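Colleague: The structure that follows is given in the form of structure tokens.
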Amino acid sequence: MSLSWLLETDSKSLRSMNGSRRNSGSSLVSSSSASSNLSHLEEDTWILWGRIVNEWEEVRKKKEKQLKDLVRKGIPHHFRAIVWQLLCNAQNMPIKDQYSELLKMTSPCEKLIRRDIARTYPEHEFFKEKDSLGQEVLFNVMKAYSLVDREVGYCQGSAFIVGLLLMQMPEEEAFCVFVKLMQDYRLRELFKPSMAELGLCMYQFESMIQEQLPELHMHFQAQSFHTSMYASSWFLTIFLTSFPLPVATRMFDIFMCEGLEVVFRVGLAILQMNQTDLIQLDMEGMLQHFQRVIPHQLDSGPDKVIQAAYQVKYNAKKMKKLEKEYTTIKTKEMEEQVEIKRLRTENRLLKQRIDTLEKESASLADRLIQGQVTRAQEAEENYLVKRELATVKQQGEEASALLEQAKTTIRQFQQQQQPQAKRAPRYSEESVLQLERELVQARLKEAESQCALKEMQDKILDMEKRNTSLPDDTNVARLQEELIGVKLREAEALTGLKELRQQVRDLEEHWQRHLARTAGRWKDSPRKNTLSELQDELMSVRLREAEAQAELRETRQRMLELETQNQIHSNQLRRAEQDSRCLQECVQTLTVQNKDLNVQLQEIKRRQAEIECKSKEEVMAVRLREADNIAAMAELQQQISELEIQKEEGKVQGQLNHTDSSQYIRDLKDQIAELKHEICCLKGQRGLANQSTFDGIHMINHYVEDDGSYQSSDEEGVKGPTLHNTQQRSGVRIRLRPNLRDTDSEEEEEEEEEEEDDDEALRLSVPQSTSHKSTTV
């Protein structure tokens with residue numbers, strides 16, 4: 001049985017099944033034949049989908065239309081998982097291997113996911129129990145995707161799609177299918193925080209309603225019943241929250257094959273089927289109808305709706321055109337929003353600038369007034385100082401004149417003194433004393449006037465210094481011009497106000513006269529009444545003219561105020577620009593200085609690093625030399641111990657006889673002395689090495705115990721001071737106690753006895769003390 005034959009006979013078998021269902025009530029034989037046809041149909045369907053799955057690539061390329069027809073008729077439940085994965089190309093995705101690692105990570109959306117888990121399919125057996133297996137795997141898939149796509153994270157509604165996938169397949173495969181749906185089926189754009197794609201779908205769907213169901217669209221517009229109020233859940237959950245689960249699963253089959261087109265078609269088909277009922281309802285009634293009535297209409301099955309959906313006109317090119325229109329509209333809206341934000345920002349900045357300029361203008365006026373007051377006070381003080389100076393000069397001149405007069409008088413009295421000395425000596429002496437007193441007083445007055453003159457000169461110098469410290473004459477002149485302009489405008493405004501007040505008084509007088517004339521109008525003739533009406537009109541014209549003039553004056557006044565503010569603001573802006581230029585120069589200078597300092601700092605760091613490297617190298621060299629010295633000391637100690645062993649062996653073996661024992665002992669002592677001398681030399685070199693350490697570097701000293709072990713001098717407490725004693729004890733001391741009896745004339749018997757007691761006479765005593773080693777012979 002070939003695959004093409006199965007695809008061709010599938011539709012025929014379905015039609016025969018429908019015919020057998022219509023004639024099933026005729027007889028028992030017909031019902032049995034229908035059941036046999038149904039069983040044969042199911043077997044053929046299973047065989048067909050099995051062949052499709054096995055030969056998927058070939059069927060997808062060559063039999064795409066027939067495959068779509070089969071998907072629209074429904075995918076068998078047992079094939080749904082694998083067919084969905086094949087339809088969206090979700091097999092062998094690399095992200096599947098990352099699923100277990102994603103579950104070990106922490107997502108910022110975990111609380112939101114936990115909160116919405118209980119709301120997802122609350123009546124379904126797989127999800128209704130708290131902390132059940134279904135809720136756990138649903139949480140795992142949603143958490144893993146929120147970590148993969150952090151821009152979308154988690155969005156309400158996506159859990160229903162994941163729940164439907166988990167009903168059909170394991171969680172790893174459901175995760176891969178969901179990732180593929182988000183990437184390739186426009187769901188990611190729908191679930192983004194901005195939901196721009198959902199707005200586009202609403203715009204396209206509303207345009208289709210306006211074109212194909214104009215009456216229903218007008219009714220929606222009249223009731224302010226927006227498309228998003230009933231259709232947003234259709235697009236976000238693919239009818240999973242609006243239709244019964246079997247019907248929504250059939251819709252999802254088609255969605256997996258054809259994409260969001262099925263949502264547009266099915267949505268418009270539902271509106272066509274319910275158009276008559278919806279037109280008769282208000283907004284609340286329509287909401288109730290969408291929530292309660294329409295789901296029950298599909299309890300019998302989705303075939304009718306699917307058939308109606310594919311009779312709906314759907315033009316892909318027109319949908320693209322609508323997408324461009326929507327994009328253009330949104331772009332304009334975004335540009336308008338940006339422009340509004342920009343204008344608001346500029347308005348706020350201008351208000352701040354106006355406030356600042358007003359404050360500066362107020363402070364400028366205060367400074368100008370203060371400067372004028374100060375100059376007036378200084379001018380007054382200068383005038384007073386000049387008057388005092390003139391007075392002092394006049395007093396000085398008077399004192400000089402009096403002094404000259406006194407001198408003249410003295411000379412006259414001196415000339416008269418000689419001839420009159422004999423006659424009236426007393427009188428001449430008294431007159432001289434009087435003149436001297438007057439002379440002293442005149443000189444005192446002259447000194448006082450000189451002091452006052454000096455004080456006035458000091459005051460004048462001080463005033464000149466203060467005048468030089470005052471603002472520049474050009475700035476003061478400009479400020480005076482501004483102040484004069486402000487005063488002129490204020491005077492013009494006051495003049496205009498006076499004129500307006502005068503016109504108002506004139507109008508009031510005319511009005512009072514008019515009231516007096518019109519008080520007895522009913523007594524006058526019609527001609528006089530006509531004249532009175534003309535006068536009333538004239539009065540109203542004058543009133544309007546006065547009002548117009550008042551408005552004109554007010555407008556001029558506002559113009560003058562605005563011009564004044566403009567001048568003040570321009571001056572302040574000019575000063576602000578000068579300050580900003582100065583600040584920029586300061587910033588540039590500081591930037592250059594900062595760069596120089598950074599270069600110097602880097603150079604210092606480099607030198608410091610070089611110094612540290614050199615110090616480390618020197619420390620390592622010192623430590624190496626110390627290690628060599630320690631090794632040399634250890635070798636000498638070893639040589640000493642070997643010599644002692646040789647000595648003891650020679651004693652035991654009888655190498656020391658009565659004649660040459662003393663010579664051998666002297667040789668040993670010489671060798672020991674030479675070794676001690678070498679050890680002392682090495683210790684001296686080591687001490688010099690220890691003294692040549694660098695500042696801040698702690699050198700490690702080693703010494704050798706008598707047993708050949710090495711210890712560090714870094715130990716604290718009592719061990720530190722023992723280094724010197726241990727170094728003194730490092731040289732092995734050998735004490736030779738000659739207990740041999742030097743008797744050449746003794747007999748052979750005594751020699752034999754001595755040979756028998758040789759082991760006792762030649763004994764080597766090595767005490768356990770670490771300070772001395774003694775050998776007793």
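Here, A, B, ... name the chains of the structure tokens in the order displayed, residue numbers run from 1 inside each chain, and ligands are numbered from 1 in the same displayed order.
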As a list in words, please: the residues near region 449-457 of chain A (cut-off 8 Å, only C-alpha atoms, same-chain neighbours under 3 positions excluded).
Modeller: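 What passes the distance filter is Val385, Glu388, Leu389, Val392, Lys393, Gln395, Gly396, Lys445, Glu446, Ile460 and Leu461 of chain A.
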Colleague: Those selected residues, please, written with N, CA and C atoms and delivered as an mmCIF file, in the first residue's frame.
Modeller:
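Resulting contents of out.cif:
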```cif
data_model
loop_
_atom_site.group_PDB
_atom_site.id
_atom_site.type_symbol
_atom_site.label_atom_id
_atom_site.label_comp_id
_atom_site.auth_asym_id
_atom_site.auth_seq_id
_atom_site.Cartn_x
_atom_site.Cartn_y
_atom_site.Cartn_z
ATOM 1 N N VAL A 385 34.917 115.923 52.919
ATOM 2 C CA VAL A 385 36.369 115.945 53.117
ATOM 3 C C VAL A 385 36.983 117.176 52.463
ATOM 4 N N GLU A 388 36.272 120.152 54.679
ATOM 5 C CA GLU A 388 37.166 120.152 55.842
ATOM 6 C C GLU A 388 38.585 120.555 55.440
ATOM 7 N N LEU A 389 39.023 120.055 54.272
ATOM 8 C CA LEU A 389 40.363 120.407 53.808
ATOM 9 C C LEU A 389 40.481 121.913 53.554
ATOM 10 N N VAL A 392 40.663 123.641 56.914
ATOM 11 C CA VAL A 392 41.980 123.461 57.537
ATOM 12 C C VAL A 392 43.021 124.350 56.849
ATOM 13 N N LYS A 393 42.945 124.414 55.524
ATOM 14 C CA LYS A 393 43.883 125.282 54.808
ATOM 15 C C LYS A 393 43.699 126.732 55.233
ATOM 16 N N GLN A 395 42.512 127.774 58.072
ATOM 17 C CA GLN A 395 43.055 127.934 59.425
ATOM 18 C C GLN A 395 44.575 127.980 59.402
ATOM 19 N N GLY A 396 45.186 127.173 58.550
ATOM 20 C CA GLY A 396 46.647 127.194 58.450
ATOM 21 C C GLY A 396 47.145 128.548 57.961
ATOM 22 N N LYS A 445 49.031 125.794 67.023
ATOM 23 C CA LYS A 445 47.944 125.821 66.031
ATOM 24 C C LYS A 445 48.432 125.379 64.654
ATOM 25 N N GLU A 446 49.664 125.826 64.323
ATOM 26 C CA GLU A 446 50.202 125.424 63.028
ATOM 27 C C GLU A 446 50.413 123.900 62.966
ATOM 28 N N ILE A 460 41.680 111.348 51.468
ATOM 29 C CA ILE A 460 41.530 111.498 50.010
ATOM 30 C C ILE A 460 42.129 110.283 49.299
ATOM 31 N N LEU A 461 43.317 109.863 49.765
ATOM 32 C CA LEU A 461 43.932 108.670 49.147
ATOM 33 C C LEU A 461 43.062 107.429 49.322
#
```
Colleague: Output as number ranges by chain all residues of region 160-303 of chain A that backbone DSSP marks as helix (DSSP H, G or I).
Modeller: A: 160-168, 171-184, 187-191, 196-212, 214-222, 228-237, 245-258, 261-273, 275-279, 283-297, 303
Colleague: Grab the CA of Thr328 (chain A) to CA of Gln210 (chain A) distance for me, in Å with one decimal place.
Modeller: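 These atoms are spaced 19.8 Å apart.
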Colleague: As an exercise, work out the distance from CA of Ala632 (chain A) to CA of Glu674 (chain A) in Å and give it to one decimal place.
Modeller: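 CA of Glu674 (chain A) lies at a distance of 14.5 Å from CA of Ala632 (chain A).
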Colleague: Taking 2 positions as the minimum chain separation for residues in the same chain, which residues sit within 12 Å of Lys68 (chain A) when counting only C-alpha atoms? Answer as number ranges by chain.
Modeller: A: 7, 59-66, 70-75, 87, 253-259, 262
Colleague: Please indicate the distance in Å from CA of Ala447 (chain A) to CA of Ala399 (chain A), rounded to one decimal place.
Modeller: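 So the two atoms, CA of Ala447 (chain A) and CA of Ala399 (chain A), lie 9.7 Å apart.
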Colleague: Pick out the residues sitting within 12 Å of Lys320 (chain A), and hand them over as a list in words; count only C-alpha atoms, and ignore anything fewer than 4 positions along from it in its own chain.
Modeller: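 Near neighbours after the sequence-gap exclusion: Leu200, Cys201, Tyr203, Gln204, Tyr314, Asn315, Ala316, Lys324, Glu325, Tyr326 and Thr327 of chain A.
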Colleague: Could you save the residues just selected, with N, CA and C atoms, as a short mmCIF file (atom, residue, chain, number, x, y, z; two decimals), in the first residue's frame?
Modeller:
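Contents of out_5.cif, as written:
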```
data_model
loop_
_atom_site.label_atom_id
_atom_site.label_comp_id
_atom_site.auth_asym_id
_atom_site.auth_seq_id
_atom_site.Cartn_x
_atom_site.Cartn_y
_atom_site.Cartn_z
N LEU A 200 -0.53 44.78 16.53
CA LEU A 200 -0.64 44.58 15.08
C LEU A 200 -1.73 43.58 14.75
N CYS A 201 -1.80 42.46 15.48
CA CYS A 201 -2.85 41.46 15.23
C CYS A 201 -4.23 42.05 15.45
N TYR A 203 -5.08 45.18 15.08
CA TYR A 203 -5.34 46.10 13.97
C TYR A 203 -5.74 45.34 12.71
N GLN A 204 -5.03 44.25 12.41
CA GLN A 204 -5.36 43.45 11.22
C GLN A 204 -6.73 42.79 11.37
N TYR A 314 -9.08 35.48 3.22
CA TYR A 314 -7.83 35.85 3.90
C TYR A 314 -6.78 36.10 2.83
N ASN A 315 -6.32 37.35 2.74
CA ASN A 315 -5.35 37.75 1.72
C ASN A 315 -4.04 38.09 2.42
N ALA A 316 -3.03 37.28 2.14
CA ALA A 316 -1.74 37.49 2.80
C ALA A 316 -1.11 38.82 2.39
N LYS A 324 2.27 47.16 7.28
CA LYS A 324 3.02 48.38 6.97
C LYS A 324 2.28 49.61 7.46
N GLU A 325 0.94 49.64 7.25
CA GLU A 325 0.16 50.79 7.72
C GLU A 325 0.27 50.92 9.25
N TYR A 326 0.14 49.80 9.94
CA TYR A 326 0.23 49.84 11.40
C TYR A 326 1.61 50.31 11.85
N THR A 327 2.64 49.82 11.16
CA THR A 327 4.00 50.25 11.51
C THR A 327 4.17 51.75 11.29
#
```
Colleague: Rank nothing, just name the residue among A:Leu435, A:Ile340, A:Ile306, A:Leu368 nearest to Gln405 (chain A), using only C-alpha atoms.
Modeller: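 Going through A:Leu435, A:Ile340, A:Ile306, A:Leu368 one by one, the smallest distance to Gln405 (chain A) is for A:Leu435.
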Colleague: So that I can check the surroundings of Ser233 (chain A), please list as a PyMOL selection string every protein, DNA and RNA residue that reaches within 9 Å of it, counting only C-alpha atoms and ignoring chain neighbours fewer than 6 positions away.
Modeller: chain A and resi 157+239-242
Colleague: Please produce an output containing N, CA, C and O atoms for each residue in the selection, written as a PDB file, in the first residue's frame.
Modeller:
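Saved the output as result.pdb:
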```
ATOM      1  N   GLY A 157      -0.313  33.650  30.148  1.00  0.00           N
ATOM      2  CA  GLY A 157      -0.889  33.094  28.931  1.00  0.00           C
ATOM      3  C   GLY A 157       0.002  32.065  28.287  1.00  0.00           C
ATOM      4  O   GLY A 157      -0.486  31.100  27.682  1.00  0.00           O
ATOM      5  N   PHE A 239      -6.753  30.073  21.531  1.00  0.00           N
ATOM      6  CA  PHE A 239      -8.088  29.593  21.908  1.00  0.00           C
ATOM      7  C   PHE A 239      -8.076  28.629  23.088  1.00  0.00           C
ATOM      8  O   PHE A 239      -9.129  28.074  23.423  1.00  0.00           O
ATOM      9  N   LEU A 240      -6.937  28.423  23.771  1.00  0.00           N
ATOM     10  CA  LEU A 240      -6.884  27.430  24.852  1.00  0.00           C
ATOM     11  C   LEU A 240      -7.682  27.870  26.070  1.00  0.00           C
ATOM     12  O   LEU A 240      -8.169  27.018  26.829  1.00  0.00           O
ATOM     13  N   THR A 241      -7.842  29.171  26.306  1.00  0.00           N
ATOM     14  CA  THR A 241      -8.635  29.664  27.433  1.00  0.00           C
ATOM     15  C   THR A 241     -10.051  30.029  27.033  1.00  0.00           C
ATOM     16  O   THR A 241     -10.844  30.387  27.905  1.00  0.00           O
ATOM     17  N   SER A 242     -10.393  29.942  25.752  1.00  0.00           N
ATOM     18  CA  SER A 242     -11.720  30.361  25.298  1.00  0.00           C
ATOM     19  C   SER A 242     -12.588  29.181  24.867  1.00  0.00           C
ATOM     20  O   SER A 242     -13.824  29.255  24.985  1.00  0.00           O
TER      21      SER A 242
END
```
Colleague: Find the spatial neighbours of Gln272 (chain A), counting only C-alpha atoms, within a cut-off of 12 Å - ignore same-chain residues fewer than 2 positions away - and output them as JSON, numbers by chain.
Modeller: {"A": [208, 209, 212, 213, 214, 215, 216, 217, 265, 266, 267, 268, 269, 270, 274, 275, 276, 277, 278, 279, 294, 305, 308, 309, 311, 312]}
Colleague: Keeping only N, CA, C and O atoms, take the residues you just selected and write them out as a CSV table (one decimal), in the first residue's frame.
Modeller:
```csv
chain,number,residue,atom,x,y,z
A,208,MET,N,-10.2,43.3,9.1
A,208,MET,CA,-10.9,42.2,8.4
A,208,MET,C,-12.4,42.3,8.8
A,208,MET,O,-13.3,42.1,8.0
A,209,ILE,N,-12.7,42.6,10.1
A,209,ILE,CA,-14.1,42.8,10.5
A,209,ILE,C,-14.7,43.9,9.8
A,209,ILE,O,-15.9,43.8,9.3
A,212,GLN,N,-15.3,42.7,6.1
A,212,GLN,CA,-16.2,41.5,5.8
A,212,GLN,C,-17.5,41.6,6.6
A,212,GLN,O,-18.5,41.0,6.3
A,213,LEU,N,-17.5,42.2,7.8
A,213,LEU,CA,-18.7,42.4,8.7
A,213,LEU,C,-18.9,43.8,9.0
A,213,LEU,O,-18.7,44.2,10.2
A,214,PRO,N,-19.3,44.7,8.1
A,214,PRO,CA,-19.3,46.1,8.4
A,214,PRO,C,-20.4,46.5,9.4
A,214,PRO,O,-20.2,47.4,10.3
A,215,GLU,N,-21.5,45.8,9.4
A,215,GLU,CA,-22.6,46.1,10.4
A,215,GLU,C,-22.1,45.8,11.8
A,215,GLU,O,-22.4,46.6,12.7
A,216,LEU,N,-21.5,44.6,12.0
A,216,LEU,CA,-21.0,44.2,13.3
A,216,LEU,C,-19.9,45.2,13.7
A,216,LEU,O,-19.9,45.6,14.9
A,217,HIS,N,-19.1,45.6,12.8
A,217,HIS,CA,-18.0,46.6,13.2
A,217,HIS,C,-18.6,47.9,13.6
A,217,HIS,O,-18.2,48.5,14.6
A,265,ARG,N,-8.8,33.3,10.9
A,265,ARG,CA,-9.9,32.7,10.2
A,265,ARG,C,-10.9,32.2,11.2
A,265,ARG,O,-12.1,32.5,11.0
A,266,VAL,N,-10.5,31.5,12.2
A,266,VAL,CA,-11.5,31.0,13.2
A,266,VAL,C,-12.2,32.1,13.9
A,266,VAL,O,-13.4,32.1,14.1
A,267,GLY,N,-11.5,33.1,14.3
A,267,GLY,CA,-12.1,34.3,15.0
A,267,GLY,C,-13.1,34.9,14.1
A,267,GLY,O,-14.2,35.3,14.6
A,268,LEU,N,-12.8,35.2,12.8
A,268,LEU,CA,-13.8,35.8,11.9
A,268,LEU,C,-15.0,34.8,11.7
A,268,LEU,O,-16.2,35.3,11.6
A,269,ALA,N,-14.8,33.5,11.6
A,269,ALA,CA,-15.9,32.6,11.4
A,269,ALA,C,-16.8,32.6,12.6
A,269,ALA,O,-18.0,32.5,12.5
A,270,ILE,N,-16.3,32.7,13.8
A,270,ILE,CA,-17.1,32.7,15.0
A,270,ILE,C,-17.9,34.0,15.0
A,270,ILE,O,-19.1,34.0,15.4
A,274,ASN,N,-22.2,34.3,14.9
A,274,ASN,CA,-22.9,35.0,16.1
A,274,ASN,C,-23.2,36.4,15.8
A,274,ASN,O,-23.5,37.2,16.7
A,275,GLN,N,-23.1,36.9,14.5
A,275,GLN,CA,-23.3,38.3,14.2
A,275,GLN,C,-24.7,38.7,14.6
A,275,GLN,O,-24.9,39.8,15.2
A,276,THR,N,-25.8,37.9,14.3
A,276,THR,CA,-27.2,38.3,14.6
A,276,THR,C,-27.4,38.5,16.0
A,276,THR,O,-28.0,39.5,16.5
A,277,ASP,N,-26.8,37.6,16.9
A,277,ASP,CA,-27.0,37.8,18.3
A,277,ASP,C,-26.2,38.9,18.9
A,277,ASP,O,-26.7,39.6,19.8
A,278,LEU,N,-25.0,39.2,18.4
A,278,LEU,CA,-24.2,40.2,18.9
A,278,LEU,C,-24.7,41.6,18.6
A,278,LEU,O,-24.6,42.5,19.4
A,279,ILE,N,-25.3,41.8,17.5
A,279,ILE,CA,-25.9,43.1,17.1
A,279,ILE,C,-27.0,43.6,18.1
A,279,ILE,O,-27.2,44.8,18.3
A,294,ILE,N,-20.5,31.3,23.4
A,294,ILE,CA,-19.7,30.8,22.3
A,294,ILE,C,-19.0,29.5,22.6
A,294,ILE,O,-18.9,28.5,21.8
A,305,VAL,N,-16.9,24.8,12.7
A,305,VAL,CA,-16.1,26.1,12.7
A,305,VAL,C,-15.0,26.1,11.8
A,305,VAL,O,-14.7,27.1,11.1
A,308,ALA,N,-16.2,26.6,8.3
A,308,ALA,CA,-16.5,28.0,8.1
A,308,ALA,C,-15.3,28.9,8.0
A,308,ALA,O,-15.2,29.9,7.3
A,309,ALA,N,-14.3,28.5,8.8
A,309,ALA,CA,-13.0,29.3,8.9
A,309,ALA,C,-12.3,29.4,7.5
A,309,ALA,O,-11.8,30.4,7.1
A,311,GLN,N,-13.7,29.2,4.7
A,311,GLN,CA,-14.5,29.9,3.7
A,311,GLN,C,-14.3,31.4,3.8
A,311,GLN,O,-14.8,32.2,3.0
A,312,VAL,N,-13.6,31.8,4.9
A,312,VAL,CA,-13.4,33.3,5.1
A,312,VAL,C,-12.3,33.7,4.2
A,312,VAL,O,-11.3,33.0,3.9
```
Colleague: Between A:Pro94, A:Gly301, A:Gly50, A:Gly485, single out the one closest to Glu172 (chain A), counting only C-alpha atoms.
Modeller: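 With only C-alpha atoms as the atom set, the closest residue is A:Pro94.
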